[in-house]
Amino acid sequence: MLFRFHRVGFGGASLLLNALFAAGPALAQTPASPSIPSAAAAAAGVAGVAANDSLSLDLTVQSVLDANPAVANLTELANAAASRLSQTQAGFLPLVTGTATYTRLDPVSRIAFGNGPELSFVPNNNFDAHITAQYELYDFGKREASTNLARAQVQTAQDNIMVARRDLAFTAAQTYYSILFLRESILVQDQQIASLQAHRNEMQRRVAAGVSTRFDVTTTDVRITQAQSTKLDLQNQLRNQQVQLARLLHRPQQADLPVKGRLSYEPQPLSLEAELSRAAQNRPEVNLAKDAELAAELQAKLIDRSNLPSLGVGAQAGGKNGYILPGVAITDIRFNTVGVAQLSVPIYDGGRNRKQRVEAAAGYRAAVARTQDAQEQIRADVRQAVNNLEFGQARYANAQQQIAQASDALTRATGRYRYGVGQNLDVLDAETQLSLARLARAQAMYNYTLGQFQLKRATGEQIWK
């Protein structure tokens with residue numbers, strides 16, 4: 001997110017805020033309310049926020065993570081992947097089923113021997129109840145390959161959760177510090193307005209004494225109005241960021257959630273090599289790329305084994321009628337057992353397995369290429385984040401120097417004007433330059449703080465507890 005300040009001419013330099021939220025969805029703007037508050041009312045609103053602070057950075061980030069349904073969605077997808085893993089592991093256990101059937105046959109074949117009763121080879125009412133146990137003794141590693149693939153999918157689902165939580169936490173931190181920056185900028189504008197109003201009061205006294213003209217008062221009033229307009233712009237941006245925070249927290253009815261803290265500048269030592277090493281180990285994108293590579297490799301192994309034989313055994317025990325045995329009626333139910341061993345050998349599948357192996361090999365090569373690209377992108381992210389922090393330190397030092405120079409210039413311009421050797425426009429320009437320097441310092445603190453989080457994101461460091 002970058003706030004740029006431009007000067008426009010109207011009897012001297014003025015201040016306008018052009019807030020360009022280019023840092024992603026965390027800084028998306030919400031339409032402003034049709035009713036624009038007065039400067040006094042808006043200032044009171046800002047003061048009310050400061051007086052009712054409730055959300056720290058850690059609490060903001062954690063609350064956003066807890067409230068976001070996208071994380072819950074990915075968590076349930078990970079649970080589903082874990083369930084699929086359990087299903088594949090069940091293939092290593094026997095399969096036992098119980099079956100009971102009743103069949104009515106009418107008519108049935110009968111035969112008569114002389115004048116004796118007719119004999120049936122099949123009863124009209126057939127009963128069969130049995131328990132069957134089946135077990136695959138050997139499948140040349142197909143079950144193991146399926147289990148390993150399911151396990152890799154579970155890891156991918158968990159890494160997706162980490163990526164989502166990291167991005168959401170960064171978005172929450174970005175919005176949090178945007179609110180702090182806008183509040184700091186409003187305080188700077190309040191300082192400028194108060195200084196300009198004090199200068200205007202002095203102009204009024206000089207006009208009454210006959211040593212100045214109404215033109216000086218009018219030009220000062222123009223600067224005050226311009227500063228108040230800039231403050232309204234800042235207040236609008238602040239309200240929009242509060243609405244954005246409420247959306248992240250899924251509390252749309254509370255668009256004025258206050259946050260704690262003030263912007264600060266806390267420089268940190270930097271080591272590019274150390275940060276690159278940390279990113280290579282911790283970035284979830286690397287883990288995701290490696291997960292995809294492993295899944296593609298396991299998929300290829302599964303396809304290689306899917307065309308191999310399998311050996312299974314089975315046993316069945318139960319009772320049924322319909323037996324023709326000496327001394328046993330055909331309707332009597334007898335205990336029976338069945339044992340079976342089965343070898344299945346694929347012979348011809350129309351070349352499907354060969355084509356699947358070609359596809360799996362291509363998928364594996366693509367996954368390897370994605371891993372290399374992800375590693376290169378991560379190194380670039382770290383370098384950019386380190387560069388931003390290094391230049392951020394220089395910008396902060398430059399802003400401090402600007403403030404010192406602008407303060408000195410304002411003191412000199414005010415003194416010259418009091419003794420009648422300077423002009424009112426010199427004082428107004430100096431006031432504007434001091435305000436711009438203070439805003440530049442706030443911008444530098446915001447950019448540096450955000451750069452620290454960008455470096456954490458680039459190296460895979462968690463920003464939530």
# chains A, B, ... in the order shown; residues from 1 in each chain; ligands from 1

call {"tool": "select_by_dssp", "arguments": {"residues": "stretch 62-138 of chain A", "states": "strand (DSSP E)", "output": "PyMOL selection string"}}
result
chain A and resi 95-104+110-112+118-120+125-138

call {"tool": "closest_residue", "arguments": {"among": "A:Asn68, A:Gln316, A:Ser407, A:Ser212", "to": "A:Thr99", "atoms": "only C-alpha atoms"}}
result
A:Gln316

call {"tool": "residues_around", "arguments": {"residues": "A:Gly363", "least_positions_apart": "5", "cutoff": "9 Å", "atoms": "only C-alpha atoms", "output": "list in words"}}
result
Glu293, Ala296, Glu297, Ala300, Val358 and Val368 of chain A

call {"tool": "write_last_selection", "arguments": {"atoms": "N, CA and C atoms", "output": "short mmCIF file (atom, residue, chain, number, x, y, z; two decimals), in the first residue's frame"}}
result
data_model
loop_
_atom_site.label_atom_id
_atom_site.label_comp_id
_atom_site.auth_asym_id
_atom_site.auth_seq_id
_atom_site.Cartn_x
_atom_site.Cartn_y
_atom_site.Cartn_z
N GLU A 293 5.08 -32.88 -6.37
CA GLU A 293 6.10 -33.73 -7.00
C GLU A 293 6.02 -35.16 -6.47
N ALA A 296 2.86 -36.89 -7.77
CA ALA A 296 3.00 -37.32 -9.15
C ALA A 296 3.87 -38.58 -9.25
N GLU A 297 4.91 -38.65 -8.43
CA GLU A 297 5.77 -39.84 -8.42
C GLU A 297 5.00 -41.07 -7.92
N ALA A 300 2.57 -42.31 -10.49
CA ALA A 300 3.24 -43.12 -11.52
C ALA A 300 3.51 -44.53 -11.01
N VAL A 358 2.59 -43.00 -19.61
CA VAL A 358 3.09 -41.82 -20.32
C VAL A 358 2.54 -40.54 -19.70
N VAL A 368 8.10 -31.38 -11.19
CA VAL A 368 9.50 -31.01 -10.93
C VAL A 368 9.77 -29.58 -11.41
#

call {"tool": "residues_around", "arguments": {"residues": "A:Gln423", "least_positions_apart": "6", "cutoff": "9 Å", "atoms": "only C-alpha atoms", "output": "list of chain:residue names"}}
result
A:Asp216, A:Ala413, A:Thr414, A:Arg416, A:Tyr417

call {"tool": "write_last_selection", "arguments": {"atoms": "N, CA and C atoms", "output": "PDB file, in the first residue's frame"}}
result
ATOM      1  N   ASP A 216      -3.463  38.407   3.507  1.00  0.00           N
ATOM      2  CA  ASP A 216      -2.729  37.405   4.271  1.00  0.00           C
ATOM      3  C   ASP A 216      -3.686  36.465   5.008  1.00  0.00           C
ATOM      4  N   ALA A 413      11.114  31.350   8.884  1.00  0.00           N
ATOM      5  CA  ALA A 413      10.099  32.090   8.129  1.00  0.00           C
ATOM      6  C   ALA A 413       9.174  32.850   9.062  1.00  0.00           C
ATOM      7  N   THR A 414       8.821  32.231  10.181  1.00  0.00           N
ATOM      8  CA  THR A 414       7.946  32.896  11.151  1.00  0.00           C
ATOM      9  C   THR A 414       8.636  34.118  11.763  1.00  0.00           C
ATOM     10  N   ARG A 416      11.125  35.881  10.448  1.00  0.00           N
ATOM     11  CA  ARG A 416      11.269  36.931   9.442  1.00  0.00           C
ATOM     12  C   ARG A 416       9.952  37.668   9.231  1.00  0.00           C
ATOM     13  N   TYR A 417       8.847  36.900   9.223  1.00  0.00           N
ATOM     14  CA  TYR A 417       7.553  37.563   9.012  1.00  0.00           C
ATOM     15  C   TYR A 417       7.199  38.473  10.182  1.00  0.00           C
TER      16      TYR A 417
END

call {"tool": "closest_atom_pairs", "arguments": {"of": "stretch 378-444 of chain A", "to": "stretch 227-244 of chain A", "cutoff": "12 Å", "atoms": "only C-alpha atoms", "output": "tab-separated table"}}
result
residue	atom	partner	partner_atom	distance
A:Leu428	CA	A:Ala227	CA	11.5
A:Glu431	CA	A:Ala227	CA	10.7
A:Thr432	CA	A:Ala227	CA	9.0
A:Ser435	CA	A:Ala227	CA	9.6
A:Leu436	CA	A:Ala227	CA	11.1
A:Leu439	CA	A:Leu234	CA	11.6

call {"tool": "write_last_selection", "arguments": {"atoms": "C-alpha atoms", "output": "PDB file, in the first residue's frame"}}
result
ATOM      1  CA  LEU A 428       2.501  28.972   4.744  1.00  0.00           C
ATOM      2  CA  GLU A 431       4.002  24.930   7.329  1.00  0.00           C
ATOM      3  CA  THR A 432       3.084  22.778   4.326  1.00  0.00           C
ATOM      4  CA  SER A 435       3.395  18.674   7.332  1.00  0.00           C
ATOM      5  CA  LEU A 436       4.611  16.858   4.218  1.00  0.00           C
ATOM      6  CA  LEU A 439       3.526  12.542   6.584  1.00  0.00           C
TER       7      LEU A 439
END

call {"tool": "residues_around", "arguments": {"residues": "A:Asn160", "least_positions_apart": "2", "cutoff": "12 Å", "atoms": "only C-alpha atoms", "output": "ChimeraX atom specification"}}
result
/A:70-78,153-158,162-167,283-289,291-292

call {"tool": "closest_residue", "arguments": {"among": "A:Val188, A:Asp381, A:Ile330, A:Lys456", "to": "A:Asn124", "atoms": "only C-alpha atoms"}}
result
A:Ile330

call {"tool": "select_by_dssp", "arguments": {"residues": "stretch 156-287 of chain A", "states": "alpha helix (DSSP H)", "output": "PyMOL selection string"}}
result
chain A and resi 156-209+214-248+272-282+284-287

call {"tool": "residues_around", "arguments": {"residues": "A:Ala150", "least_positions_apart": "4", "cutoff": "12 Å", "atoms": "only C-alpha atoms", "output": "PyMOL selection string"}}
result
chain A and resi 78+80-89+143-146+154-157+291+294-296+298-299+302

call {"tool": "atom_distance", "arguments": {"atom1": "atom CA of A:Tyr419", "atom2": "atom CA of A:Gln400"}}
result
29.1 Å
